[in-house]
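Remarks on the structure that follows.
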Amino acid sequence: MAVAPSSRFAGPADLHMHSNHSDGTQSPAEVVRQAHAHGVRTLALTDHDRTTGWDEAAEASVALGMTFIPGMELSAKHEWRSVHVLGYLFDPLDADLVAETDRIRGDRIGRAERIVRSIGRDYDLDWEDVLAQTTLDATVGRPHIADALIARGIVRDRTEAFDGILHPREGYYEPHYAPDPLTAVRLITGAGGVPIIAHPVTAGRDRMMPVPFIERLIDAGLGGFEIDHRENTEAGKRTLHAIAASHDLIVTGSSDYHGAGKPNLPGENTTSDEMVERLIERATGSTPRYP
């Protein structure tokens, strides 16, 4: 059902951006400034498994006449697949969601330490090198290990790190805890938010979740899919558009901006005003910050 766009926000809207509170390289305020410089006028900060950047990003957005949509990218896992569930406009103090994100972040730290110990047997790298690449509130992960490898002069950039030392074939990879996507969807909806599967159809054999499982996610409250994303395949996009149309789901597009951590640029993919409005109308956990 079509929803008339609100006059309270303006596009273009980029609903997937990361700061140095997770694996981006810029502060929340700088992420907002970069988004504004690239023409974005409504944005969501979606750091991994945390919401600590919301206030700074909201203040910077309002100061620039932009609308801020509170968000997060919640880690999940289906069988061998890493699945990221974007949550929008949920209650950041919801006890169940906070407990789960605390567990995810805690396990990520232990996992990162195990990876660094393994790498340190073969390369001049230790845990202090990794901590030097993080902020106080950051969710420590493999991108920070990559940055430490760069700082040590072992690799040139994150791409070389992930194609080499941090690739699973090199033997340093360690698994980490993540809930299944059904749990992730239920946690976000339980906190009054809207869950959207991030980049669901990236390249690789069987990377897309089976359609019957996607149907279960929809029944559990899944709001839609992030379809316009540089890593999604064209064939996968067509499949998701058909599923979204048959279930009247929300369809988003975004950059997945990480600052210098990825080549993605703010606003390279955007979400229509109608779909932004549907997100806002559906959510009950928190509200946008309008200019």
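By order of appearance in the structure tokens: chains A, B, ..., then residues from 1 within every chain, and ligands from 1 in the order shown.
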
Name all residues at most 10 Å from segment 67-71 of chain A (count only C-alpha atoms; drop same-chain ones fewer than 3 positions away) and give them as a JSON list (two decimals) with all heavy atoms, in the first residue's frame.
```json
[["chain", "number", "residue", "atom", "x", "y", "z"],
["A", 8, "ARG", "N", 8.26, 16.09, 6.67],
["A", 8, "ARG", "CA", 9.18, 16.31, 7.78],
["A", 8, "ARG", "C", 10.60, 15.88, 7.44],
["A", 8, "ARG", "O", 11.53, 16.20, 8.15],
["A", 8, "ARG", "CB", 8.71, 15.57, 9.02],
["A", 8, "ARG", "CG", 7.35, 16.06, 9.52],
["A", 8, "ARG", "CD", 7.10, 15.62, 10.93],
["A", 8, "ARG", "NE", 8.02, 16.29, 11.87],
["A", 8, "ARG", "CZ", 8.14, 15.96, 13.15],
["A", 8, "ARG", "NH1", 7.42, 14.95, 13.64],
["A", 8, "ARG", "NH2", 8.98, 16.60, 13.94],
["A", 9, "PHE", "N", 10.78, 15.07, 6.43],
["A", 9, "PHE", "CA", 12.12, 14.68, 6.01],
["A", 9, "PHE", "C", 12.24, 14.84, 4.50],
["A", 9, "PHE", "O", 11.23, 14.93, 3.79],
["A", 9, "PHE", "CB", 12.45, 13.24, 6.43],
["A", 9, "PHE", "CG", 11.71, 12.19, 5.63],
["A", 9, "PHE", "CD1", 12.26, 11.67, 4.46],
["A", 9, "PHE", "CD2", 10.48, 11.72, 6.04],
["A", 9, "PHE", "CE1", 11.58, 10.71, 3.72],
["A", 9, "PHE", "CE2", 9.79, 10.76, 5.31],
["A", 9, "PHE", "CZ", 10.35, 10.26, 4.15],
["A", 10, "ALA", "N", 13.46, 14.86, 4.02],
["A", 10, "ALA", "CA", 13.70, 14.98, 2.59],
["A", 10, "ALA", "C", 14.75, 13.98, 2.16],
["A", 10, "ALA", "O", 15.66, 13.65, 2.93],
["A", 10, "ALA", "CB", 14.15, 16.40, 2.25],
["A", 11, "GLY", "N", 14.64, 13.47, 0.95],
["A", 11, "GLY", "CA", 15.66, 12.60, 0.38],
["A", 11, "GLY", "C", 16.75, 13.43, -0.27],
["A", 11, "GLY", "O", 16.66, 14.66, -0.29],
["A", 13, "ALA", "N", 17.91, 9.46, 0.79],
["A", 13, "ALA", "CA", 18.09, 8.80, 2.07],
["A", 13, "ALA", "C", 19.06, 7.63, 1.93],
["A", 13, "ALA", "O", 18.87, 6.75, 1.08],
["A", 13, "ALA", "CB", 16.75, 8.28, 2.59],
["A", 14, "ASP", "N", 20.09, 7.63, 2.77],
["A", 14, "ASP", "CA", 21.07, 6.54, 2.83],
["A", 14, "ASP", "C", 20.93, 5.91, 4.22],
["A", 14, "ASP", "O", 21.25, 6.53, 5.23],
["A", 14, "ASP", "CB", 22.48, 7.09, 2.63],
["A", 14, "ASP", "CG", 23.53, 5.98, 2.46],
["A", 14, "ASP", "OD1", 23.29, 4.86, 2.93],
["A", 14, "ASP", "OD2", 24.60, 6.27, 1.88],
["A", 15, "LEU", "N", 20.47, 4.66, 4.26],
["A", 15, "LEU", "CA", 20.08, 4.05, 5.53],
["A", 15, "LEU", "C", 21.04, 2.97, 6.02],
["A", 15, "LEU", "O", 20.65, 2.12, 6.83],
["A", 15, "LEU", "CB", 18.67, 3.46, 5.39],
["A", 15, "LEU", "CG", 17.57, 4.43, 5.01],
["A", 15, "LEU", "CD1", 16.21, 3.73, 5.00],
["A", 15, "LEU", "CD2", 17.53, 5.63, 5.96],
["A", 16, "HIS", "N", 22.30, 3.03, 5.59],
["A", 16, "HIS", "CA", 23.27, 2.03, 6.06],
["A", 16, "HIS", "C", 24.66, 2.67, 6.05],
["A", 16, "HIS", "O", 25.33, 2.70, 5.02],
["A", 16, "HIS", "CB", 23.21, 0.80, 5.15],
["A", 16, "HIS", "CG", 24.01, -0.37, 5.62],
["A", 16, "HIS", "ND1", 23.91, -1.61, 5.02],
["A", 16, "HIS", "CD2", 24.94, -0.51, 6.59],
["A", 16, "HIS", "CE1", 24.74, -2.46, 5.61],
["A", 16, "HIS", "NE2", 25.38, -1.80, 6.57],
["A", 17, "MET", "N", 25.09, 3.18, 7.21],
["A", 17, "MET", "CA", 26.37, 3.87, 7.32],
["A", 17, "MET", "C", 27.01, 3.50, 8.66],
["A", 17, "MET", "O", 26.33, 3.30, 9.66],
["A", 17, "MET", "CB", 26.18, 5.39, 7.22],
["A", 17, "MET", "CG", 25.36, 5.82, 6.02],
["A", 17, "MET", "SD", 25.34, 7.62, 5.77],
["A", 17, "MET", "CE", 26.90, 7.84, 4.92],
["A", 32, "VAL", "N", 28.19, 11.93, 9.19],
["A", 32, "VAL", "CA", 27.07, 12.80, 8.81],
["A", 32, "VAL", "C", 27.56, 13.89, 7.85],
["A", 32, "VAL", "O", 26.89, 14.17, 6.83],
["A", 32, "VAL", "CB", 26.43, 13.43, 10.05],
["A", 32, "VAL", "CG1", 25.41, 14.50, 9.66],
["A", 32, "VAL", "CG2", 25.78, 12.35, 10.91],
["A", 40, "VAL", "N", 23.27, 13.53, 0.53],
["A", 40, "VAL", "CA", 22.31, 12.80, 1.35],
["A", 40, "VAL", "C", 21.63, 13.78, 2.30],
["A", 40, "VAL", "O", 22.28, 14.65, 2.88],
["A", 40, "VAL", "CB", 23.01, 11.67, 2.15],
["A", 40, "VAL", "CG1", 22.05, 11.00, 3.11],
["A", 40, "VAL", "CG2", 23.62, 10.65, 1.18],
["A", 41, "ARG", "N", 20.32, 13.61, 2.49],
["A", 41, "ARG", "CA", 19.59, 14.50, 3.38],
["A", 41, "ARG", "C", 18.84, 13.77, 4.50],
["A", 41, "ARG", "O", 18.36, 14.40, 5.44],
["A", 41, "ARG", "CB", 18.61, 15.36, 2.57],
["A", 41, "ARG", "CG", 19.33, 16.34, 1.63],
["A", 41, "ARG", "CD", 20.17, 17.33, 2.41],
["A", 41, "ARG", "NE", 20.94, 18.26, 1.56],
["A", 41, "ARG", "CZ", 22.20, 18.09, 1.21],
["A", 41, "ARG", "NH1", 22.87, 17.01, 1.63],
["A", 41, "ARG", "NH2", 22.82, 18.98, 0.47],
["A", 42, "THR", "N", 18.73, 12.47, 4.40],
["A", 42, "THR", "CA", 18.22, 11.63, 5.48],
["A", 42, "THR", "C", 19.16, 10.43, 5.59],
["A", 42, "THR", "O", 19.49, 9.81, 4.57],
["A", 42, "THR", "CB", 16.78, 11.14, 5.19],
["A", 42, "THR", "OG1", 15.90, 12.27, 5.20],
["A", 42, "THR", "CG2", 16.31, 10.13, 6.22],
["A", 43, "LEU", "N", 19.61, 10.14, 6.81],
["A", 43, "LEU", "CA", 20.56, 9.03, 6.94],
["A", 43, "LEU", "C", 20.29, 8.24, 8.20],
["A", 43, "LEU", "O", 19.67, 8.72, 9.15],
["A", 43, "LEU", "CB", 22.00, 9.53, 6.97],
["A", 43, "LEU", "CG", 22.52, 10.10, 8.30],
["A", 43, "LEU", "CD1", 24.02, 9.90, 8.41],
["A", 43, "LEU", "CD2", 22.16, 11.57, 8.44],
["A", 44, "ALA", "N", 20.78, 7.00, 8.19],
["A", 44, "ALA", "CA", 20.76, 6.15, 9.39],
["A", 44, "ALA", "C", 22.19, 5.74, 9.70],
["A", 44, "ALA", "O", 22.95, 5.36, 8.81],
["A", 44, "ALA", "CB", 19.90, 4.92, 9.16],
["A", 45, "LEU", "N", 22.56, 5.85, 10.98],
["A", 45, "LEU", "CA", 23.82, 5.29, 11.45],
["A", 45, "LEU", "C", 23.52, 3.88, 11.94],
["A", 45, "LEU", "O", 22.67, 3.68, 12.80],
["A", 45, "LEU", "CB", 24.41, 6.12, 12.58],
["A", 45, "LEU", "CG", 25.81, 5.70, 13.04],
["A", 45, "LEU", "CD1", 26.85, 6.03, 11.97],
["A", 45, "LEU", "CD2", 26.17, 6.39, 14.36],
["A", 46, "THR", "N", 24.22, 2.88, 11.37],
["A", 46, "THR", "CA", 23.89, 1.48, 11.64],
["A", 46, "THR", "C", 25.15, 0.72, 12.06],
["A", 46, "THR", "O", 25.54, -0.26, 11.43],
["A", 46, "THR", "CB", 23.27, 0.81, 10.41],
["A", 46, "THR", "OG1", 24.14, 1.01, 9.27],
["A", 46, "THR", "CG2", 21.90, 1.40, 10.09],
["A", 47, "ASP", "N", 25.79, 1.18, 13.12],
["A", 47, "ASP", "CA", 26.98, 0.49, 13.58],
["A", 47, "ASP", "C", 26.64, -0.93, 14.04],
["A", 47, "ASP", "O", 25.52, -1.22, 14.45],
["A", 47, "ASP", "CB", 27.63, 1.27, 14.72],
["A", 47, "ASP", "CG", 28.41, 2.47, 14.22],
["A", 47, "ASP", "OD1", 29.06, 2.35, 13.16],
["A", 47, "ASP", "OD2", 28.36, 3.54, 14.87],
["A", 48, "HIS", "N", 27.64, -1.80, 13.98],
["A", 48, "HIS", "CA", 27.42, -3.20, 14.33],
["A", 48, "HIS", "C", 27.14, -3.38, 15.81],
["A", 48, "HIS", "O", 27.98, -3.04, 16.66],
["A", 48, "HIS", "CB", 28.65, -4.04, 13.94],
["A", 48, "HIS", "CG", 28.87, -4.14, 12.48],
["A", 48, "HIS", "ND1", 28.15, -5.01, 11.68],
["A", 48, "HIS", "CD2", 29.73, -3.49, 11.65],
["A", 48, "HIS", "CE1", 28.56, -4.88, 10.42],
["A", 48, "HIS", "NE2", 29.51, -3.97, 10.38],
["A", 49, "ASP", "N", 25.96, -3.88, 16.11],
["A", 49, "ASP", "CA", 25.62, -4.37, 17.45],
["A", 49, "ASP", "C", 25.74, -3.31, 18.54],
["A", 49, "ASP", "O", 25.95, -3.64, 19.71],
["A", 49, "ASP", "CB", 26.50, -5.58, 17.80],
["A", 49, "ASP", "CG", 26.47, -6.65, 16.71],
["A", 49, "ASP", "OD1", 25.37, -7.02, 16.29],
["A", 49, "ASP", "OD2", 27.55, -7.07, 16.25],
["A", 50, "ARG", "N", 25.57, -2.03, 18.18],
["A", 50, "ARG", "CA", 25.60, -0.99, 19.21],
["A", 50, "ARG", "C", 24.96, 0.30, 18.72],
["A", 50, "ARG", "O", 24.85, 0.54, 17.51],
["A", 50, "ARG", "CB", 27.02, -0.74, 19.71],
["A", 50, "ARG", "CG", 27.95, -0.10, 18.75],
["A", 50, "ARG", "CD", 29.35, -0.04, 19.38],
["A", 50, "ARG", "NE", 29.28, 0.35, 20.77],
["A", 50, "ARG", "CZ", 29.95, -0.29, 21.76],
["A", 50, "ARG", "NH1", 30.73, -1.30, 21.48],
["A", 50, "ARG", "NH2", 29.84, 0.10, 23.01],
["A", 51, "THR", "N", 24.58, 1.13, 19.69],
["A", 51, "THR", "CA", 23.86, 2.36, 19.39],
["A", 51, "THR", "C", 24.56, 3.59, 19.96],
["A", 51, "THR", "O", 23.97, 4.67, 20.00],
["A", 51, "THR", "CB", 22.43, 2.29, 19.97],
["A", 51, "THR", "OG1", 22.50, 2.17, 21.40],
["A", 51, "THR", "CG2", 21.66, 1.11, 19.41],
["A", 53, "GLY", "N", 26.66, 5.67, 18.96],
["A", 53, "GLY", "CA", 26.91, 6.83, 18.10],
["A", 53, "GLY", "C", 25.68, 7.64, 17.78],
["A", 53, "GLY", "O", 25.77, 8.69, 17.12],
["A", 54, "TRP", "N", 24.51, 7.21, 18.25],
["A", 54, "TRP", "CA", 23.27, 7.87, 17.86],
["A", 54, "TRP", "C", 23.23, 9.35, 18.22],
["A", 54, "TRP", "O", 22.89, 10.18, 17.38],
["A", 54, "TRP", "CB", 22.08, 7.17, 18.52],
["A", 54, "TRP", "CG", 21.66, 5.89, 17.90],
["A", 54, "TRP", "CD1", 22.32, 5.17, 16.95],
["A", 54, "TRP", "CD2", 20.47, 5.16, 18.21],
["A", 54, "TRP", "NE1", 21.64, 4.02, 16.64],
["A", 54, "TRP", "CE2", 20.49, 3.99, 17.39],
["A", 54, "TRP", "CE3", 19.42, 5.36, 19.08],
["A", 54, "TRP", "CZ2", 19.47, 3.03, 17.44],
["A", 54, "TRP", "CZ3", 18.40, 4.41, 19.14],
["A", 54, "TRP", "CH2", 18.42, 3.27, 18.31],
["A", 55, "ASP", "N", 23.54, 9.68, 19.46],
["A", 55, "ASP", "CA", 23.39, 11.08, 19.90],
["A", 55, "ASP", "C", 24.27, 12.02, 19.09],
["A", 55, "ASP", "O", 23.81, 13.08, 18.63],
["A", 55, "ASP", "CB", 23.71, 11.20, 21.38],
["A", 55, "ASP", "CG", 22.62, 10.60, 22.27],
["A", 55, "ASP", "OD1", 21.51, 10.37, 21.76],
["A", 55, "ASP", "OD2", 22.90, 10.36, 23.46],
["A", 57, "ALA", "N", 25.55, 11.55, 16.09],
["A", 57, "ALA", "CA", 25.08, 11.61, 14.71],
["A", 57, "ALA", "C", 23.80, 12.43, 14.59],
["A", 57, "ALA", "O", 23.63, 13.20, 13.64],
["A", 57, "ALA", "CB", 24.85, 10.20, 14.17],
["A", 58, "ALA", "N", 22.91, 12.29, 15.56],
["A", 58, "ALA", "CA", 21.66, 13.04, 15.52],
["A", 58, "ALA", "C", 21.92, 14.54, 15.63],
["A", 58, "ALA", "O", 21.32, 15.34, 14.89],
["A", 58, "ALA", "CB", 20.74, 12.58, 16.65],
["A", 59, "GLU", "N", 22.79, 14.93, 16.54],
["A", 59, "GLU", "CA", 23.09, 16.35, 16.71],
["A", 59, "GLU", "C", 23.72, 16.93, 15.45],
["A", 59, "GLU", "O", 23.37, 18.03, 15.01],
["A", 59, "GLU", "CB", 24.02, 16.54, 17.90],
["A", 59, "GLU", "CG", 23.35, 16.27, 19.24],
["A", 59, "GLU", "CD", 24.32, 16.37, 20.40],
["A", 59, "GLU", "OE1", 25.48, 16.78, 20.16],
["A", 59, "GLU", "OE2", 23.92, 16.02, 21.53],
["A", 60, "ALA", "N", 24.65, 16.18, 14.85],
["A", 60, "ALA", "CA", 25.30, 16.65, 13.62],
["A", 60, "ALA", "C", 24.29, 16.75, 12.48],
["A", 60, "ALA", "O", 24.35, 17.67, 11.65],
["A", 60, "ALA", "CB", 26.46, 15.73, 13.25],
["A", 61, "SER", "N", 23.37, 15.78, 12.42],
["A", 61, "SER", "CA", 22.36, 15.79, 11.35],
["A", 61, "SER", "C", 21.45, 17.00, 11.46],
["A", 61, "SER", "O", 21.22, 17.71, 10.47],
["A", 61, "SER", "CB", 21.53, 14.50, 11.43],
["A", 61, "SER", "OG", 22.31, 13.35, 11.21],
["A", 62, "VAL", "N", 20.94, 17.25, 12.64],
["A", 62, "VAL", "CA", 20.03, 18.37, 12.84],
["A", 62, "VAL", "C", 20.72, 19.69, 12.53],
["A", 62, "VAL", "O", 20.13, 20.60, 11.92],
["A", 62, "VAL", "CB", 19.47, 18.34, 14.27],
["A", 62, "VAL", "CG1", 18.69, 19.62, 14.56],
["A", 62, "VAL", "CG2", 18.58, 17.12, 14.48],
["A", 63, "ALA", "N", 21.99, 19.80, 12.93],
["A", 63, "ALA", "CA", 22.74, 21.04, 12.68],
["A", 63, "ALA", "C", 22.89, 21.32, 11.19],
["A", 63, "ALA", "O", 23.00, 22.48, 10.78],
["A", 63, "ALA", "CB", 24.11, 20.96, 13.33],
["A", 64, "LEU", "N", 22.88, 20.25, 10.36],
["A", 64, "LEU", "CA", 23.03, 20.41, 8.92],
["A", 64, "LEU", "C", 21.69, 20.38, 8.19],
["A", 64, "LEU", "O", 21.65, 20.34, 6.96],
["A", 64, "LEU", "CB", 23.95, 19.31, 8.37],
["A", 64, "LEU", "CG", 25.43, 19.44, 8.72],
["A", 64, "LEU", "CD1", 26.20, 18.19, 8.32],
["A", 64, "LEU", "CD2", 26.03, 20.66, 8.03],
["A", 74, "LEU", "N", 22.60, -5.71, 13.21],
["A", 74, "LEU", "CA", 22.69, -6.80, 14.18],
["A", 74, "LEU", "C", 23.26, -8.04, 13.51],
["A", 74, "LEU", "O", 22.77, -8.49, 12.48],
["A", 74, "LEU", "CB", 21.30, -7.09, 14.76],
["A", 74, "LEU", "CG", 21.20, -8.14, 15.87],
["A", 74, "LEU", "CD1", 22.01, -7.71, 17.09],
["A", 74, "LEU", "CD2", 19.74, -8.37, 16.25],
["A", 86, "LEU", "N", 19.57, -5.29, 9.61],
["A", 86, "LEU", "CA", 19.48, -3.88, 9.94],
["A", 86, "LEU", "C", 18.21, -3.63, 10.74],
["A", 86, "LEU", "O", 17.12, -4.04, 10.33],
["A", 86, "LEU", "CB", 19.46, -3.03, 8.67],
["A", 86, "LEU", "CG", 20.75, -3.05, 7.85],
["A", 86, "LEU", "CD1", 20.48, -2.61, 6.42],
["A", 86, "LEU", "CD2", 21.80, -2.17, 8.51],
["A", 87, "GLY", "N", 18.35, -2.97, 11.89],
["A", 87, "GLY", "CA", 17.20, -2.63, 12.70],
["A", 87, "GLY", "C", 17.05, -1.12, 12.77],
["A", 87, "GLY", "O", 18.03, -0.40, 13.00],
["A", 88, "TYR", "N", 15.84, -0.63, 12.57],
["A", 88, "TYR", "CA", 15.59, 0.80, 12.56],
["A", 88, "TYR", "C", 14.54, 1.20, 13.60],
["A", 88, "TYR", "O", 13.54, 0.49, 13.78],
["A", 88, "TYR", "CB", 15.10, 1.26, 11.18],
["A", 88, "TYR", "CG", 16.10, 1.01, 10.07],
["A", 88, "TYR", "CD1", 15.93, -0.04, 9.19],
["A", 88, "TYR", "CD2", 17.21, 1.85, 9.92],
["A", 88, "TYR", "CE1", 16.84, -0.27, 8.17],
["A", 88, "TYR", "CE2", 18.13, 1.62, 8.90],
["A", 88, "TYR", "CZ", 17.95, 0.56, 8.03],
["A", 88, "TYR", "OH", 18.86, 0.33, 7.04],
["A", 89, "LEU", "N", 14.81, 2.31, 14.27],
["A", 89, "LEU", "CA", 13.81, 2.97, 15.11],
["A", 89, "LEU", "C", 13.29, 2.07, 16.22],
["A", 89, "LEU", "O", 12.11, 2.08, 16.57],
["A", 89, "LEU", "CB", 12.66, 3.50, 14.25],
["A", 89, "LEU", "CG", 13.06, 4.60, 13.26],
["A", 89, "LEU", "CD1", 12.06, 4.71, 12.12],
["A", 89, "LEU", "CD2", 13.20, 5.93, 13.98],
["A", 90, "PHE", "N", 14.18, 1.27, 16.82],
["A", 90, "PHE", "CA", 13.84, 0.43, 17.96],
["A", 90, "PHE", "C", 14.21, 1.15, 19.25],
["A", 90, "PHE", "O", 14.88, 2.19, 19.24],
["A", 90, "PHE", "CB", 14.57, -0.91, 17.87],
["A", 90, "PHE", "CG", 16.07, -0.78, 17.75],
["A", 90, "PHE", "CD1", 16.87, -0.68, 18.88],
["A", 90, "PHE", "CD2", 16.68, -0.75, 16.51],
["A", 90, "PHE", "CE1", 18.25, -0.53, 18.78],
["A", 90, "PHE", "CE2", 18.05, -0.61, 16.39],
["A", 90, "PHE", "CZ", 18.84, -0.50, 17.53],
["A", 91, "ASP", "N", 13.77, 0.59, 20.36],
["A", 91, "ASP", "CA", 14.10, 1.13, 21.68],
["A", 91, "ASP", "C", 15.51, 0.67, 22.04],
["A", 91, "ASP", "O", 15.74, -0.52, 22.25],
["A", 91, "ASP", "CB", 13.09, 0.62, 22.71],
["A", 91, "ASP", "CG", 13.40, 1.07, 24.13],
["A", 91, "ASP", "OD1", 14.38, 1.83, 24.33],
["A", 91, "ASP", "OD2", 12.66, 0.66, 25.04],
["A", 92, "PRO", "N", 16.49, 1.58, 22.15],
["A", 92, "PRO", "CA", 17.86, 1.16, 22.44],
["A", 92, "PRO", "C", 18.05, 0.63, 23.85],
["A", 92, "PRO", "O", 19.10, 0.04, 24.14],
["A", 92, "PRO", "CB", 18.66, 2.46, 22.24],
["A", 92, "PRO", "CG", 17.68, 3.55, 22.55],
["A", 92, "PRO", "CD", 16.36, 3.05, 22.04],
["A", 193, "GLY", "N", 11.16, -2.02, 16.71],
["A", 193, "GLY", "CA", 11.87, -1.61, 15.51],
["A", 193, "GLY", "C", 11.41, -2.34, 14.26],
["A", 193, "GLY", "O", 10.53, -3.20, 14.29],
["A", 194, "VAL", "N", 12.05, -1.97, 13.16],
["A", 194, "VAL", "CA", 11.75, -2.58, 11.86],
["A", 194, "VAL", "C", 13.00, -3.29, 11.36],
["A", 194, "VAL", "O", 14.02, -2.65, 11.11],
["A", 194, "VAL", "CB", 11.31, -1.51, 10.84],
["A", 194, "VAL", "CG1", 10.95, -2.17, 9.51],
["A", 194, "VAL", "CG2", 10.15, -0.69, 11.37],
["A", 195, "PRO", "N", 12.96, -4.62, 11.20],
["A", 195, "PRO", "CA", 14.13, -5.37, 10.72],
["A", 195, "PRO", "C", 14.15, -5.49, 9.20],
["A", 195, "PRO", "O", 13.15, -5.82, 8.57],
["A", 195, "PRO", "CB", 13.96, -6.74, 11.37],
["A", 195, "PRO", "CG", 12.48, -6.88, 11.57],
["A", 195, "PRO", "CD", 11.89, -5.51, 11.67],
["A", 276, "VAL", "N", 11.04, 5.14, 3.16],
["A", 276, "VAL", "CA", 11.44, 5.74, 4.44],
["A", 276, "VAL", "C", 10.21, 6.00, 5.29],
["A", 276, "VAL", "O", 10.19, 5.72, 6.50],
["A", 276, "VAL", "CB", 12.24, 7.04, 4.22],
["A", 276, "VAL", "CG1", 12.52, 7.72, 5.56],
["A", 276, "VAL", "CG2", 13.54, 6.76, 3.48],
["A", 279, "LEU", "N", 8.95, 2.87, 6.90],
["A", 279, "LEU", "CA", 9.76, 2.52, 8.07],
["A", 279, "LEU", "C", 9.30, 3.31, 9.30],
["A", 279, "LEU", "O", 9.10, 2.75, 10.38],
["A", 279, "LEU", "CB", 11.23, 2.82, 7.81],
["A", 279, "LEU", "CG", 12.08, 1.81, 7.05],
["A", 279, "LEU", "CD1", 13.47, 2.39, 6.79],
["A", 279, "LEU", "CD2", 12.22, 0.50, 7.84],
["A", 280, "ILE", "N", 9.17, 4.61, 9.12],
["A", 280, "ILE", "CA", 8.80, 5.49, 10.23],
["A", 280, "ILE", "C", 7.41, 5.14, 10.76],
["A", 280, "ILE", "O", 7.18, 5.07, 11.98],
["A", 280, "ILE", "CB", 8.87, 6.96, 9.79],
["A", 280, "ILE", "CG1", 10.32, 7.35, 9.46],
["A", 280, "ILE", "CG2", 8.31, 7.88, 10.87],
["A", 280, "ILE", "CD1", 10.46, 8.71, 8.79],
["A", 286, "SER", "N", 11.38, 4.05, 18.72],
["A", 286, "SER", "CA", 12.01, 5.37, 18.81],
["A", 286, "SER", "C", 11.55, 6.17, 17.61],
["A", 286, "SER", "O", 10.85, 5.67, 16.73],
["A", 286, "SER", "CB", 13.54, 5.28, 18.86],
["A", 286, "SER", "OG", 14.06, 4.65, 17.70],
["A", 287, "THR", "N", 11.95, 7.43, 17.56],
["A", 287, "THR", "CA", 11.50, 8.32, 16.49],
["A", 287, "THR", "C", 12.70, 8.96, 15.80],
["A", 287, "THR", "O", 13.78, 9.06, 16.39],
["A", 287, "THR", "CB", 10.59, 9.42, 17.03],
["A", 287, "THR", "OG1", 11.29, 10.15, 18.04],
["A", 287, "THR", "CG2", 9.32, 8.83, 17.62],
["A", 288, "PRO", "N", 12.53, 9.41, 14.57],
["A", 288, "PRO", "CA", 13.62, 10.12, 13.89],
["A", 288, "PRO", "C", 13.91, 11.45, 14.58],
["A", 288, "PRO", "O", 13.08, 11.98, 15.33],
["A", 288, "PRO", "CB", 13.06, 10.36, 12.47],
["A", 288, "PRO", "CG", 11.95, 9.39, 12.32],
["A", 288, "PRO", "CD", 11.36, 9.23, 13.68],
["A", 289, "ARG", "N", 15.10, 11.97, 14.34],
["A", 289, "ARG", "CA", 15.41, 13.33, 14.75],
["A", 289, "ARG", "C", 15.32, 14.20, 13.50],
["A", 289, "ARG", "O", 16.09, 14.05, 12.55],
["A", 289, "ARG", "CB", 16.82, 13.40, 15.33],
["A", 289, "ARG", "CG", 16.93, 12.86, 16.74],
["A", 289, "ARG", "CD", 16.37, 13.82, 17.78],
["A", 289, "ARG", "NE", 17.09, 15.08, 17.78],
["A", 289, "ARG", "CZ", 18.22, 15.31, 18.46],
["A", 289, "ARG", "NH1", 18.77, 14.33, 19.16],
["A", 289, "ARG", "NH2", 18.80, 16.49, 18.40],
["A", 290, "TYR", "N", 14.35, 15.10, 13.52],
["A", 290, "TYR", "CA", 14.12, 15.95, 12.38],
["A", 290, "TYR", "C", 14.84, 17.30, 12.54],
["A", 290, "TYR", "O", 15.07, 17.76, 13.67],
["A", 290, "TYR", "CB", 12.63, 16.22, 12.22],
["A", 290, "TYR", "CG", 11.80, 15.00, 11.90],
["A", 290, "TYR", "CD1", 11.02, 14.39, 12.87],
["A", 290, "TYR", "CD2", 11.83, 14.44, 10.63],
["A", 290, "TYR", "CE1", 10.27, 13.27, 12.59],
["A", 290, "TYR", "CE2", 11.08, 13.32, 10.32],
["A", 290, "TYR", "CZ", 10.30, 12.74, 11.31],
["A", 290, "TYR", "OH", 9.55, 11.61, 11.03],
["A", 291, "PRO", "N", 15.21, 17.95, 11.43],
["A", 291, "PRO", "CA", 15.87, 19.26, 11.54],
["A", 291, "PRO", "C", 14.90, 20.34, 12.04],
["A", 291, "PRO", "O", 13.70, 20.17, 11.96],
["A", 291, "PRO", "CB", 16.33, 19.54, 10.10],
["A", 291, "PRO", "CG", 15.41, 18.73, 9.24],
["A", 291, "PRO", "CD", 15.08, 17.50, 10.05]]
```

Could you name the residues that touch Asp94 of chain A at 9 Å or less, counting only C-alpha atoms, but leaving out those on the same chain fewer than 4 positions away, as a PyMOL selection string? chain A and resi 90+98-99+187+190-192+285

Just the residues within 12 Å of Asp219 of chain A, please, counting only C-alpha atoms, with nothing from its chain fewer than 6 positions along; format it as JSON, numbers by chain. {"A": [182, 185, 186, 189, 212, 213, 247, 249]}

Deliver the residues from the most recent selection as a file, using N, CA, C and O atoms, as a short mmCIF file (atom, residue, chain, number, x, y, z; two decimals), in the first residue's frame.
```
data_model
loop_
_atom_site.label_atom_id
_atom_site.label_comp_id
_atom_site.auth_asym_id
_atom_site.auth_seq_id
_atom_site.Cartn_x
_atom_site.Cartn_y
_atom_site.Cartn_z
N LEU A 182 16.09 -15.57 12.82
CA LEU A 182 14.76 -15.52 13.41
C LEU A 182 14.80 -14.81 14.77
O LEU A 182 13.94 -13.97 15.07
N VAL A 185 15.36 -11.03 14.14
CA VAL A 185 14.13 -10.35 13.71
C VAL A 185 13.17 -10.17 14.88
O VAL A 185 12.59 -9.09 15.07
N ARG A 186 13.03 -11.19 15.70
CA ARG A 186 12.12 -11.11 16.84
C ARG A 186 12.60 -10.10 17.88
O ARG A 186 11.80 -9.40 18.50
N THR A 189 11.87 -6.52 16.39
CA THR A 189 10.44 -6.21 16.42
C THR A 189 9.94 -6.09 17.86
O THR A 189 9.09 -5.25 18.17
N PRO A 212 12.10 -20.71 1.62
CA PRO A 212 11.21 -21.11 2.73
C PRO A 212 11.63 -20.50 4.07
O PRO A 212 10.76 -20.15 4.89
N PHE A 213 12.95 -20.35 4.29
CA PHE A 213 13.40 -19.73 5.54
C PHE A 213 13.10 -18.23 5.53
O PHE A 213 12.71 -17.66 6.56
N HIS A 247 4.73 -9.86 -0.87
CA HIS A 247 4.43 -9.70 0.56
C HIS A 247 4.30 -8.24 0.98
O HIS A 247 4.18 -7.96 2.17
N LEU A 249 6.58 -5.85 1.08
CA LEU A 249 7.67 -5.55 2.00
C LEU A 249 8.34 -4.22 1.65
O LEU A 249 8.20 -3.71 0.54
#
```
